[in-house]
$ cat protein30.txt   # compact mmCIF, C-alpha atoms
# COMPACT_ATOMS: atom_id res chain seq x y z
CA MET U 264 19.21 -11.57 19.03
CA LYS U 265 21.44 -8.60 19.66
CA ASP U 266 20.97 -5.81 17.17
CA LYS U 267 24.37 -4.27 17.72
CA PRO U 268 27.63 -5.57 19.16
CA GLU U 269 29.41 -3.93 22.06
CA THR U 270 31.21 -0.70 21.18
CA GLU U 271 34.54 -2.39 21.84
CA GLU U 272 33.74 -5.03 19.27
CA VAL U 273 32.96 -2.38 16.69
CA ARG U 274 36.32 -0.73 17.36
CA GLU U 275 38.06 -4.08 17.03
CA ALA U 276 36.24 -4.92 13.80
CA PRO U 277 38.61 -5.67 10.94
CA ALA U 278 39.23 -2.87 8.52
CA PRO U 279 37.66 -3.70 5.20
CA PRO U 280 40.13 -4.81 2.56
CA SER U 281 42.19 -1.88 1.32
CA ARG U 282 41.58 -2.34 -2.40
CA GLY U 283 38.27 -0.64 -3.21
CA ARG U 284 36.61 -3.41 -5.18
CA PRO U 285 36.48 -6.30 -2.72
CA SER U 286 35.26 -4.17 0.20
CA SER U 287 32.52 -2.56 -1.84
CA GLY U 288 31.72 -6.08 -3.05
CA ILE U 289 31.09 -7.21 0.51
CA ARG U 290 29.03 -4.13 1.25
CA SER U 291 26.91 -4.68 -1.87
CA ALA U 292 26.41 -8.35 -1.07
CA ILE U 293 25.17 -7.43 2.41
CA VAL U 294 22.73 -4.85 1.01
CA LEU U 295 21.33 -7.30 -1.55
CA ALA U 296 20.88 -9.97 1.11
CA ALA U 297 19.24 -7.38 3.37
CA ILE U 298 16.77 -6.37 0.65
CA ASP U 299 15.69 -10.02 0.29
CA GLU U 300 15.42 -10.60 4.03
CA PHE U 301 13.55 -7.37 4.87
CA ALA U 302 11.21 -7.81 1.90
CA ARG U 303 10.32 -11.34 2.97
CA GLU U 304 10.23 -10.93 6.75
CA GLY U 305 9.48 -7.26 7.36
CA PHE U 306 11.70 -5.34 9.78
CA GLY U 307 10.84 -7.10 13.04
CA GLY U 308 11.03 -10.58 11.55
CA ALA U 309 14.30 -10.00 9.66
CA ARG U 310 17.39 -11.59 11.24
CA VAL U 311 20.78 -9.94 10.92
CA GLU U 312 22.49 -13.34 11.25
CA ARG U 313 20.60 -14.64 8.24
CA ILE U 314 21.63 -11.59 6.22
CA SER U 315 25.35 -11.86 7.04
CA LYS U 316 25.30 -15.61 6.39
CA SER U 317 23.50 -15.17 3.07
CA ALA U 318 26.03 -12.47 2.06
CA GLY U 319 28.89 -14.81 2.94
CA THR U 320 30.27 -12.56 5.66
CA SER U 321 30.13 -12.09 9.43
CA ASP U 322 27.78 -10.14 11.70
CA ARG U 323 30.85 -8.16 12.75
CA MET U 324 31.56 -7.04 9.19
CA LEU U 325 27.90 -6.18 8.74
CA TYR U 326 27.93 -3.95 11.82
CA TYR U 327 31.22 -2.46 10.67
CA TYR U 328 29.50 -1.16 7.55
CA PHE U 329 25.99 -0.42 8.80
CA GLU U 330 26.24 0.02 12.60
CA SER U 331 22.73 -1.27 13.33
CA LYS U 332 19.74 -3.11 11.90
CA ASP U 333 18.20 0.32 11.26
CA GLY U 334 21.30 1.45 9.35
CA LEU U 335 21.10 -1.70 7.28
CA PHE U 336 17.40 -1.19 6.54
CA GLN U 337 18.13 2.38 5.47
CA ALA U 338 20.84 1.13 3.09
CA ALA U 339 18.44 -1.47 1.66
CA LEU U 340 15.77 1.18 1.13
CA GLU U 341 18.30 3.51 -0.50
CA LYS U 342 19.39 0.75 -2.87
CA VAL U 343 15.87 -0.02 -4.14
CA HIS U 344 15.32 3.71 -4.75
CA GLU U 345 18.69 3.97 -6.49
CA ASP U 346 17.69 1.06 -8.75
CA PHE U 347 14.44 2.84 -9.62
CA VAL U 348 16.28 6.07 -10.47
CA ALA U 349 18.90 4.24 -12.55
CA ALA U 350 16.21 2.39 -14.49
CA ALA U 351 14.17 5.59 -15.00
CA SER U 352 17.22 7.46 -16.28
CA SER U 353 17.66 4.84 -18.98
CA ILE U 354 14.25 5.28 -20.57
CA GLU U 355 14.52 7.71 -23.42
CA LEU U 356 11.43 9.83 -23.85
CA ASP U 357 12.79 13.00 -25.44
CA GLU U 358 12.48 11.94 -29.05
CA LEU U 359 8.97 10.56 -28.72
CA ASP U 360 5.61 12.19 -29.24
CA PRO U 361 4.58 13.34 -25.74
CA ARG U 362 1.54 11.03 -25.69
CA GLU U 363 3.68 8.06 -26.65
CA ALA U 364 6.29 9.12 -24.06
CA LEU U 365 3.60 9.24 -21.35
CA TRP U 366 2.44 5.76 -22.33
CA ARG U 367 6.04 4.55 -22.01
CA LEU U 368 6.43 6.19 -18.62
CA VAL U 369 3.33 4.45 -17.22
CA ALA U 370 4.54 1.11 -18.60
CA PHE U 371 8.01 1.69 -17.12
CA VAL U 372 6.70 2.32 -13.57
CA TRP U 373 4.29 -0.62 -13.84
CA ARG U 374 6.99 -3.05 -15.00
CA HIS U 375 9.60 -1.78 -12.58
CA TYR U 376 7.34 -2.56 -9.61
CA LEU U 377 6.34 -5.87 -11.17
CA ASN U 378 10.00 -6.91 -11.53
CA HIS U 379 11.04 -5.52 -8.12
CA PRO U 380 8.44 -6.63 -5.60
CA GLN U 381 11.00 -5.91 -2.87
CA PHE U 382 10.57 -2.21 -3.59
CA ILE U 383 6.89 -2.37 -2.64
CA SER U 384 7.54 -4.53 0.41
CA LEU U 385 10.31 -2.29 1.81
CA VAL U 386 8.33 0.89 1.16
CA ASN U 387 5.27 -0.58 2.90
CA THR U 388 7.43 -1.44 5.91
CA GLU U 389 8.93 2.05 5.90
CA ASN U 390 5.47 3.62 5.90
CA ARG U 391 4.61 1.59 9.00
CA PHE U 392 7.68 3.31 10.56
CA GLU U 393 6.46 6.73 9.42
CA ALA U 394 9.49 7.00 7.10
CA ARG U 395 11.98 7.18 9.97
CA HIS U 396 14.78 5.67 7.89
CA ALA U 397 13.99 7.59 4.69
CA THR U 398 14.03 10.89 6.57
CA GLN U 399 17.58 10.05 7.72
CA SER U 400 18.65 9.42 4.15
CA ASP U 401 20.41 11.95 1.96
CA SER U 402 19.97 10.02 -1.24
CA ILE U 403 16.24 9.16 -1.19
CA PRO U 404 14.79 12.71 -1.19
CA ARG U 405 17.53 13.72 -3.67
CA SER U 406 16.27 11.07 -6.09
CA ALA U 407 12.92 12.85 -6.50
CA ALA U 408 14.39 15.76 -8.48
CA PRO U 409 15.54 13.79 -11.56
CA GLN U 410 12.29 11.79 -11.57
CA LEU U 411 10.13 14.92 -11.38
CA LYS U 412 12.30 16.65 -13.98
CA LEU U 413 11.70 13.76 -16.38
CA VAL U 414 7.95 14.16 -15.90
CA ASP U 415 8.13 17.94 -16.04
CA ASP U 416 10.05 17.92 -19.34
CA LEU U 417 7.44 15.59 -20.75
CA LEU U 418 4.61 17.83 -19.55
CA ARG U 419 6.20 20.94 -21.04
CA ARG U 420 6.65 19.27 -24.40
CA GLY U 421 3.04 18.06 -24.33
CA VAL U 422 1.72 21.53 -23.50
CA LYS U 423 3.92 23.06 -26.19
CA SER U 424 2.74 20.58 -28.81
CA GLY U 425 -0.86 21.35 -27.80
CA HIS U 426 -1.62 17.82 -26.66
CA PHE U 427 -1.59 18.15 -22.86
CA ARG U 428 -3.68 20.23 -20.48
CA ARG U 429 -1.82 23.20 -19.04
CA ASP U 430 -2.82 22.88 -15.40
CA ALA U 431 -1.24 19.50 -14.62
CA THR U 432 1.84 19.38 -12.39
CA ALA U 433 4.71 16.89 -12.40
CA VAL U 434 3.83 15.86 -8.83
CA GLN U 435 0.22 15.12 -9.85
CA VAL U 436 1.35 13.05 -12.83
CA HIS U 437 3.93 11.13 -10.80
CA LEU U 438 1.59 10.42 -7.88
CA THR U 439 -1.26 9.41 -10.19
CA ILE U 440 0.89 6.93 -12.08
CA VAL U 441 2.49 5.41 -8.99
CA SER U 442 -0.87 5.13 -7.18
CA LEU U 443 -2.42 3.21 -10.07
CA CYS U 444 0.62 0.92 -10.44
CA TYR U 445 1.56 0.38 -6.79
CA TYR U 446 -1.84 -0.23 -5.18
CA TYR U 447 -2.75 -2.95 -7.67
CA GLN U 448 0.46 -4.87 -7.03
CA SER U 449 0.71 -4.20 -3.30
CA ASN U 450 -2.91 -5.25 -2.69
CA ALA U 451 -3.29 -7.99 -5.29
CA ALA U 452 -3.58 -10.76 -2.67
CA THR U 453 -6.49 -9.22 -0.73
CA MET U 454 -8.20 -7.73 -3.77
CA SER U 455 -8.04 -11.01 -5.72
CA ASN U 456 -9.85 -12.66 -2.81
CA TYR U 457 -12.30 -9.76 -2.52
CA LEU U 458 -13.11 -9.53 -6.23
CA GLY U 459 -12.99 -13.27 -6.86
CA TYR U 460 -10.47 -13.49 -9.70
CA ASP U 461 -6.70 -13.79 -9.96
CA MET U 462 -5.46 -10.23 -10.40
CA ARG U 463 -1.94 -11.56 -10.92
CA SER U 464 -2.68 -13.63 -14.03
CA ASP U 465 -0.76 -12.37 -17.07
CA GLU U 466 -4.04 -11.43 -18.71
CA ALA U 467 -5.26 -9.40 -15.73
CA LEU U 468 -1.91 -7.63 -15.36
CA ASP U 469 -1.85 -6.63 -19.03
CA ALA U 470 -5.46 -5.47 -18.90
CA TRP U 471 -4.73 -3.24 -15.89
CA LEU U 472 -1.72 -1.65 -17.58
CA GLY U 473 -3.92 -0.88 -20.58
CA HIS U 474 -6.62 0.54 -18.33
CA ILE U 475 -4.40 2.82 -16.24
CA THR U 476 -2.67 4.13 -19.35
CA ARG U 477 -6.07 5.20 -20.71
CA VAL U 478 -7.01 6.78 -17.37
CA VAL U 479 -3.83 8.87 -17.23
CA LEU U 480 -4.03 9.84 -20.91
CA ASP U 481 -7.74 10.74 -20.72
CA TRP U 482 -7.01 13.10 -17.86
CA LEU U 483 -3.86 14.65 -19.29
CA ILE U 484 -4.69 14.92 -22.97
CA LYS U 485 -6.69 17.95 -24.04
CA THR U 486 -9.87 17.11 -25.84
CA MET W 16 3.78 -15.31 24.72
CA LYS W 17 1.64 -18.29 23.97
CA ASP W 18 -0.74 -17.77 21.09
CA LYS W 19 -3.23 -20.38 22.19
CA PRO W 20 -3.98 -22.03 25.51
CA GLU W 21 -4.00 -25.82 25.96
CA THR W 22 -7.03 -27.55 24.52
CA GLU W 23 -8.15 -28.50 28.02
CA GLU W 24 -8.20 -24.86 29.02
CA VAL W 25 -10.41 -24.03 26.05
CA ARG W 26 -12.86 -26.73 27.07
CA GLU W 27 -12.91 -25.43 30.62
CA ALA W 28 -13.40 -21.82 29.52
CA PRO W 29 -16.48 -20.23 31.05
CA ALA W 30 -19.57 -20.19 28.90
CA PRO W 31 -20.31 -16.62 27.82
CA PRO W 32 -23.22 -15.03 29.66
CA SER W 33 -26.50 -16.53 28.47
CA ARG W 34 -28.28 -13.26 27.69
CA GLY W 35 -27.23 -12.22 24.17
CA ARG W 36 -26.32 -8.62 24.83
CA PRO W 37 -23.53 -8.85 27.39
CA SER W 38 -21.71 -11.67 25.60
CA SER W 39 -21.84 -9.93 22.22
CA GLY W 40 -20.72 -6.80 24.08
CA ILE W 41 -17.58 -8.58 25.26
CA ARG W 42 -16.94 -10.00 21.79
CA SER W 43 -17.31 -6.55 20.21
CA ALA W 44 -15.04 -4.97 22.79
CA ILE W 45 -12.35 -7.55 22.04
CA VAL W 46 -12.64 -6.97 18.28
CA LEU W 47 -12.37 -3.19 18.68
CA ALA W 48 -9.33 -3.54 20.93
CA ALA W 49 -7.80 -5.98 18.43
CA ILE W 50 -8.29 -3.53 15.55
CA ASP W 51 -6.37 -0.87 17.50
CA GLU W 52 -3.60 -3.23 18.54
CA PHE W 53 -3.08 -4.88 15.13
CA ALA W 54 -3.25 -1.51 13.34
CA ARG W 55 -0.59 -0.05 15.63
CA GLU W 56 1.72 -3.03 16.06
CA GLY W 57 1.18 -5.19 12.99
CA PHE W 58 0.50 -8.89 13.47
CA GLY W 59 3.83 -10.02 14.93
CA GLY W 60 4.09 -7.07 17.32
CA ALA W 61 0.49 -7.29 18.57
CA ARG W 62 0.07 -8.81 22.05
CA VAL W 63 -3.04 -10.81 22.90
CA GLU W 64 -2.65 -9.87 26.58
CA ARG W 65 -2.81 -6.18 25.74
CA ILE W 66 -5.96 -6.75 23.68
CA SER W 67 -7.81 -8.67 26.41
CA LYS W 68 -6.74 -6.14 29.04
CA SER W 69 -7.82 -3.20 26.88
CA ALA W 70 -11.19 -4.91 26.26
CA GLY W 71 -11.63 -5.42 30.02
CA THR W 72 -11.68 -9.20 29.77
CA SER W 73 -9.37 -12.21 30.12
CA ASP W 74 -7.13 -14.03 27.66
CA ARG W 75 -9.26 -17.10 28.34
CA MET W 76 -12.45 -15.34 27.22
CA LEU W 77 -10.64 -14.02 24.16
CA TYR W 78 -9.56 -17.53 23.15
CA TYR W 79 -13.07 -18.77 23.89
CA TYR W 80 -14.42 -16.49 21.18
CA PHE W 81 -11.57 -16.43 18.68
CA GLU W 82 -9.51 -19.61 19.29
CA SER W 83 -6.20 -18.06 18.20
CA LYS W 84 -4.41 -14.84 17.37
CA ASP W 85 -5.11 -15.62 13.71
CA GLY W 86 -8.81 -16.02 14.43
CA LEU W 87 -8.79 -12.70 16.21
CA PHE W 88 -7.00 -10.97 13.34
CA GLN W 89 -9.55 -12.41 10.91
CA ALA W 90 -12.39 -11.02 13.07
CA ALA W 91 -10.68 -7.60 13.16
CA LEU W 92 -10.27 -7.62 9.39
CA GLU W 93 -13.90 -8.66 8.92
CA LYS W 94 -15.06 -5.82 11.17
CA VAL W 95 -13.22 -3.08 9.24
CA HIS W 96 -14.70 -4.44 6.00
CA GLU W 97 -18.16 -4.61 7.56
CA ASP W 98 -17.80 -0.95 8.61
CA PHE W 99 -16.87 0.00 5.05
CA VAL W 100 -19.89 -1.86 3.63
CA ALA W 101 -22.24 -0.34 6.21
CA ALA W 102 -20.98 3.17 5.47
CA ALA W 103 -21.18 2.60 1.69
CA SER W 104 -24.76 1.35 1.96
CA SER W 105 -25.75 4.60 3.63
CA ILE W 106 -24.64 6.88 0.79
CA GLU W 107 -27.58 7.55 -1.47
CA LEU W 108 -26.62 7.92 -5.09
CA ASP W 109 -29.77 6.86 -6.91
CA GLU W 110 -31.44 10.24 -7.08
CA LEU W 111 -28.35 12.10 -8.21
CA ASP W 112 -27.09 12.93 -11.68
CA PRO W 113 -24.61 10.09 -12.45
CA ARG W 114 -21.68 12.51 -12.65
CA GLU W 115 -22.54 14.01 -9.27
CA ALA W 116 -23.04 10.48 -7.88
CA LEU W 117 -19.59 9.46 -9.09
CA TRP W 118 -18.08 12.53 -7.45
CA ARG W 119 -19.80 11.55 -4.19
CA LEU W 120 -18.55 7.99 -4.45
CA VAL W 121 -14.91 9.09 -4.83
CA ALA W 122 -15.30 11.46 -1.87
CA PHE W 123 -16.89 8.70 0.22
CA VAL W 124 -14.01 6.24 -0.33
CA TRP W 125 -11.43 8.98 0.28
CA ARG W 126 -13.02 10.11 3.55
CA HIS W 127 -13.72 6.60 4.78
CA TYR W 128 -10.02 5.70 4.54
CA LEU W 129 -9.05 9.05 6.05
CA ASN W 130 -11.32 8.45 9.04
CA HIS W 131 -10.39 4.76 9.40
CA PRO W 132 -6.61 4.51 9.12
CA GLN W 133 -6.86 1.09 10.80
CA PHE W 134 -8.48 -0.22 7.62
CA ILE W 135 -5.36 0.58 5.60
CA SER W 136 -3.02 -0.75 8.26
CA LEU W 137 -4.84 -4.09 8.65
CA VAL W 138 -5.18 -4.56 4.89
CA ASN W 139 -1.45 -3.87 4.42
CA THR W 140 -0.66 -6.47 7.06
CA GLU W 141 -3.02 -8.95 5.41
CA ASN W 142 -1.32 -8.46 2.05
CA ARG W 143 2.01 -9.32 3.66
CA PHE W 144 0.29 -12.60 4.68
CA GLU W 145 -0.94 -13.15 1.10
CA ALA W 146 -4.54 -12.75 2.35
CA ARG W 147 -4.45 -15.96 4.38
CA HIS W 148 -7.06 -14.67 6.85
CA ALA W 149 -9.32 -13.05 4.26
CA THR W 150 -9.43 -16.26 2.22
CA GLN W 151 -10.73 -18.05 5.35
CA SER W 152 -13.47 -15.46 5.72
CA ASP W 153 -17.03 -15.90 4.50
CA SER W 154 -18.03 -12.28 4.98
CA ILE W 155 -15.17 -10.42 3.27
CA PRO W 156 -15.59 -11.79 -0.29
CA ARG W 157 -19.38 -11.56 0.16
CA SER W 158 -19.05 -7.83 0.83
CA ALA W 159 -17.77 -7.19 -2.70
CA ALA W 160 -21.13 -7.88 -4.36
CA PRO W 161 -23.09 -4.96 -2.83
CA GLN W 162 -20.16 -2.61 -3.39
CA LEU W 163 -19.81 -3.59 -7.05
CA LYS W 164 -23.59 -3.45 -7.52
CA LEU W 165 -23.60 0.13 -6.26
CA VAL W 166 -20.93 1.03 -8.83
CA ASP W 167 -22.61 -1.00 -11.55
CA ASP W 168 -25.97 0.71 -11.02
CA LEU W 169 -24.23 4.04 -11.24
CA LEU W 170 -22.44 3.04 -14.45
CA ARG W 171 -25.67 1.83 -16.07
CA ARG W 172 -27.45 5.08 -15.24
CA GLY W 173 -24.52 7.08 -16.62
CA VAL W 174 -24.47 5.09 -19.87
CA LYS W 175 -28.24 5.38 -20.19
CA SER W 176 -28.14 9.15 -19.64
CA GLY W 177 -25.43 9.40 -22.28
CA HIS W 178 -22.80 10.76 -19.88
CA PHE W 179 -20.53 7.74 -19.32
CA ARG W 180 -18.46 5.67 -21.69
CA ARG W 181 -19.93 2.26 -22.42
CA ASP W 182 -16.81 0.12 -22.05
CA ALA W 183 -16.06 0.75 -18.35
CA THR W 184 -16.66 -2.04 -15.85
CA ALA W 185 -17.60 -1.81 -12.17
CA VAL W 186 -14.34 -3.55 -11.21
CA GLN W 187 -12.30 -0.99 -13.17
CA VAL W 188 -14.14 1.92 -11.55
CA HIS W 189 -13.83 0.45 -8.06
CA LEU W 190 -10.13 -0.43 -8.40
CA THR W 191 -9.31 2.95 -9.94
CA ILE W 192 -10.98 4.88 -7.13
CA VAL W 193 -9.49 2.80 -4.32
CA SER W 194 -6.00 2.90 -5.88
CA LEU W 195 -6.03 6.69 -6.03
CA CYS W 196 -7.41 7.03 -2.49
CA TYR W 197 -5.52 4.25 -0.72
CA TYR W 198 -1.99 4.72 -2.08
CA TYR W 199 -1.90 8.39 -1.16
CA GLN W 200 -2.88 7.73 2.44
CA SER W 201 -0.95 4.49 2.89
CA ASN W 202 2.26 6.00 1.50
CA ALA W 203 1.94 9.59 2.75
CA ALA W 204 4.88 9.25 5.16
CA THR W 205 7.44 8.10 2.60
CA MET W 206 6.07 10.22 -0.25
CA SER W 207 6.02 13.40 1.88
CA ASN W 208 9.70 12.84 2.56
CA TYR W 209 10.40 12.00 -1.08
CA LEU W 210 8.50 14.95 -2.55
CA GLY W 211 9.47 17.40 0.17
CA TYR W 212 6.07 18.65 1.33
CA ASP W 213 3.50 17.55 3.89
CA MET W 214 1.02 15.46 1.94
CA ARG W 215 -1.15 15.19 5.05
CA SER W 216 -1.83 18.91 5.45
CA ASP W 217 -5.54 19.75 5.10
CA GLU W 218 -4.75 21.72 1.97
CA ALA W 219 -2.83 18.88 0.32
CA LEU W 220 -5.53 16.33 1.22
CA ASP W 221 -8.29 18.50 -0.26
CA ALA W 222 -6.25 19.16 -3.39
CA TRP W 223 -5.69 15.44 -3.94
CA LEU W 224 -9.39 14.65 -3.57
CA GLY W 225 -10.13 17.33 -6.19
CA HIS W 226 -7.45 15.92 -8.48
CA ILE W 227 -8.49 12.27 -8.32
CA THR W 228 -12.12 13.18 -8.85
CA ARG W 229 -11.13 14.93 -12.08
CA VAL W 230 -9.00 11.96 -13.15
CA VAL W 231 -11.86 9.48 -12.66
CA LEU W 232 -14.44 11.76 -14.29
CA ASP W 233 -12.19 12.58 -17.25
CA TRP W 234 -11.79 8.89 -17.96
CA LEU W 235 -15.40 7.88 -17.41
CA ILE W 236 -17.28 10.79 -18.91
CA LYS W 237 -17.80 10.71 -22.65
CA THR W 238 -16.50 13.74 -24.42

$ encode --input "protein30.txt" --output "structure tokens"
Amino acid sequence: MKDKPETEEVREAPAPPSRGRPSSGIRSAIVLAAIDEFAREGFGGARVERISKSAGTSDRMLYYYFESKDGLFQAALEKVHEDFVAAASSIELDELDPREALWRLVAFVWRHYLNHPQFISLVNTENRFEARHATQSDSIPRSAAPQLKLVDDLLRRGVKSGHFRRDATAVQVHLTIVSLCYYYQSNAATMSNYLGYDMRSDEALDAWLGHITRVVLDWLIKT
Amino acid sequence: MKDKPETEEVREAPAPPSRGRPSSGIRSAIVLAAIDEFAREGFGGARVERISKSAGTSDRMLYYYFESKDGLFQAALEKVHEDFVAAASSIELDELDPREALWRLVAFVWRHYLNHPQFISLVNTENRFEARHATQSDSIPRSAAPQLKLVDDLLRRGVKSGHFRRDATAVQVHLTIVSLCYYYQSNAATMSNYLGYDMRSDEALDAWLGHITRVVLDWLIKT
């Protein structure tokens, strides 16, 4: 498989349609197909031809937009982060008691991963690459600020109301929640075999969400 | 690359040396080389020829012992689990105050992963395969029992001494500790980029160990 066409071919590639909508439609379709393919096959096993075919376009159009398989992976990774940020921005915590808001935040992260297993797969692949695509991205590091602000606002309200400990940071809260959500789902296959029960049964999943919520609250709430 | 020689070749493979030591020496050398190769290259990228060369033996000898690349990966995965179990059995918790013992247990898991990054890499690969090698293994699921017994003994002592909550299970404690240790190290590349600081600096690593110890203790210790 060639990862990139000749330079001449790129120059000869058709301009995307001039009306904004259809061209961005093709681009989006390619990114969605890429997320599926990379999540299922990893980077090395993913095939650009399968992605362009699944998106209903040509390899040439795909290279026109993304230049290389690496460019395409970066776009796929950016999209799953963008989806996380968009979903996080829609949860409304401000009106809630800080303890209730924290509970909602844990449940949001847990369910987002559960409903977007591609996120975990792409991030695992990217860690194998030592984040070489993410470090090229403008949008991924930029997406941390709103996420940490959401947590920080929650922390401040909880300290002000006298419920939360004063020495916790937004980074600690974020990393603690994502560790407890992500590991369980990322490692459910091996850990189910190791522990001898199905960690992905509905009952086990619900029990773990209840458990990790207690763990985070017990640490963060002043006693 | 062929993953397996013809059956005839297997039958003609030389018998391993008859004295136990040298043959088990070759087997061990192959497994250690395989751990390095699979950890660095993943399963698809790993090359059996590189493993046999690095172990100072032949592909034929490698197939004699392990039959296939999958058999070799399973042996590598079993070895990193065996190393974890052996290291865990050497930490002595029985004489310690249960709270101090719990602190030691968290630090043990944290440092074991830190000193054996191949463990994390192989387990991540195995999860991509939905644990198809681990489910073929006798030794991996068997290794859970001593690990959970160690945690369970600690829990019982802590409940008896009045320090620990009564409703915690060994599986919860084990999964909580490994989640908080494993995620941080497995995802340090992408999260360092996302959060904008080097999560693998000595200072950051020490701070995280301190943090997760508090999280586990705050949940488990009765207040």

$ residues_near_point --input "protein30.txt" --point "(27.2, -3.0, 9.3)" --cutoff "10 Å" --atoms "only C-alpha atoms" --output "mmCIF file with C-alpha atoms, in the coordinates of the input"
data_model
loop_
_atom_site.group_PDB
_atom_site.id
_atom_site.type_symbol
_atom_site.label_atom_id
_atom_site.label_comp_id
_atom_site.auth_asym_id
_atom_site.auth_seq_id
_atom_site.Cartn_x
_atom_site.Cartn_y
_atom_site.Cartn_z
ATOM 1 C CA LYS U 267 24.370 -4.270 17.720
ATOM 2 C CA VAL U 273 32.960 -2.380 16.690
ATOM 3 C CA ARG U 290 29.030 -4.130 1.250
ATOM 4 C CA ILE U 293 25.170 -7.430 2.410
ATOM 5 C CA VAL U 294 22.730 -4.850 1.010
ATOM 6 C CA VAL U 311 20.780 -9.940 10.920
ATOM 7 C CA SER U 315 25.350 -11.860 7.040
ATOM 8 C CA SER U 321 30.130 -12.090 9.430
ATOM 9 C CA ASP U 322 27.780 -10.140 11.700
ATOM 10 C CA ARG U 323 30.850 -8.160 12.750
ATOM 11 C CA MET U 324 31.560 -7.040 9.190
ATOM 12 C CA LEU U 325 27.900 -6.180 8.740
ATOM 13 C CA TYR U 326 27.930 -3.950 11.820
ATOM 14 C CA TYR U 327 31.220 -2.460 10.670
ATOM 15 C CA TYR U 328 29.500 -1.160 7.550
ATOM 16 C CA PHE U 329 25.990 -0.420 8.800
ATOM 17 C CA GLU U 330 26.240 0.020 12.600
ATOM 18 C CA SER U 331 22.730 -1.270 13.330
ATOM 19 C CA LYS U 332 19.740 -3.110 11.900
ATOM 20 C CA ASP U 333 18.200 0.320 11.260
ATOM 21 C CA GLY U 334 21.300 1.450 9.350
ATOM 22 C CA LEU U 335 21.100 -1.700 7.280
ATOM 23 C CA ALA U 338 20.840 1.130 3.090
#

$ atom_distance --input "protein30.txt" --atom1 "atom CA of Ala292 of chain U" --atom2 "atom CA of Ala339 of chain U"
10.9 Å

$ axis_aligned_box --input "protein30.txt" --around "segment 321-338 of chain U" --padding-each-side "6 Å" --output "lines of an AutoDock Vina configuration file"
center_x = 24.5
center_y = -4.9
center_z = 8.2
size_x = 26.2
size_y = 26.5
size_z = 22.2

$ closest_residue --input "protein30.txt" --among "W:Asn130, W:Thr228, W:Thr205, W:Thr238" --to "Ser400 of chain U" --atoms "all atoms listed in the file"
W:Thr205

$ atom_distance --input "protein30.txt" --atom1 "atom CA of Thr432 of chain U" --atom2 "atom CA of Leu224 of chain W"
15.0 Å

$ interface_residues --input "protein30.txt" --of "chain U" --to "chain W" --cutoff "7 Å" --atoms "only C-alpha atoms" --output "ChimeraX atom specification"
/U:390,393-394,397-398,403-404,407,439,442-443,446-447,450,452-453,456-458,478,481-482

$ residues_around --input "protein30.txt" --residues "segment 357-363 of chain U" --least-positions-apart "3" --cutoff "10 Å" --atoms "all atoms listed in the file" --output "PyMOL selection string"
chain U and resi 354+366-368+413+416-427+480+483-484

$ atom_distance --input "protein30.txt" --atom1 "atom CA of Val124 of chain W" --atom2 "atom CA of Val372 of chain U"
24.9 Å

$ closest_residue --input "protein30.txt" --among "W:Phe99, W:Thr72, W:Glu107, W:Val121" --to "Ser38 of chain W" --atoms "only C-alpha atoms"
W:Thr72

$ closest_residue --input "protein30.txt" --among "U:Ala296, U:Ala370, U:Ala351, U:Ala364" --to "Phe336 of chain U" --atoms "all atoms listed in the file"
U:Ala296

$ decode --input "protein30.txt" --residues "segment 370-388 of chain U" --atoms "C-alpha atoms" --output "PDB file, in the first residue's frame"
ATOM      1  CA  ALA U 370     -20.961   9.707  35.469  1.00  0.00           C
ATOM      2  CA  PHE U 371     -20.474  11.870  32.369  1.00  0.00           C
ATOM      3  CA  VAL U 372     -16.845  10.759  31.820  1.00  0.00           C
ATOM      4  CA  TRP U 373     -17.755   7.126  32.509  1.00  0.00           C
ATOM      5  CA  ARG U 374     -20.657   7.126  30.046  1.00  0.00           C
ATOM      6  CA  HIS U 375     -18.813   9.100  27.398  1.00  0.00           C
ATOM      7  CA  TYR U 376     -16.048   6.467  27.254  1.00  0.00           C
ATOM      8  CA  LEU U 377     -18.617   3.680  27.379  1.00  0.00           C
ATOM      9  CA  ASN U 378     -20.479   5.139  24.384  1.00  0.00           C
ATOM     10  CA  HIS U 379     -17.296   6.045  22.470  1.00  0.00           C
ATOM     11  CA  PRO U 380     -14.968   3.061  22.665  1.00  0.00           C
ATOM     12  CA  GLN U 381     -13.106   4.513  19.662  1.00  0.00           C
ATOM     13  CA  PHE U 382     -11.831   7.277  21.935  1.00  0.00           C
ATOM     14  CA  ILE U 383     -10.035   4.752  24.134  1.00  0.00           C
ATOM     15  CA  SER U 384      -8.713   2.770  21.186  1.00  0.00           C
ATOM     16  CA  LEU U 385      -7.306   5.818  19.352  1.00  0.00           C
ATOM     17  CA  VAL U 386      -5.762   7.252  22.524  1.00  0.00           C
ATOM     18  CA  ASN U 387      -4.110   3.895  23.305  1.00  0.00           C
ATOM     19  CA  THR U 388      -2.657   3.825  19.793  1.00  0.00           C
TER      20      THR U 388
END
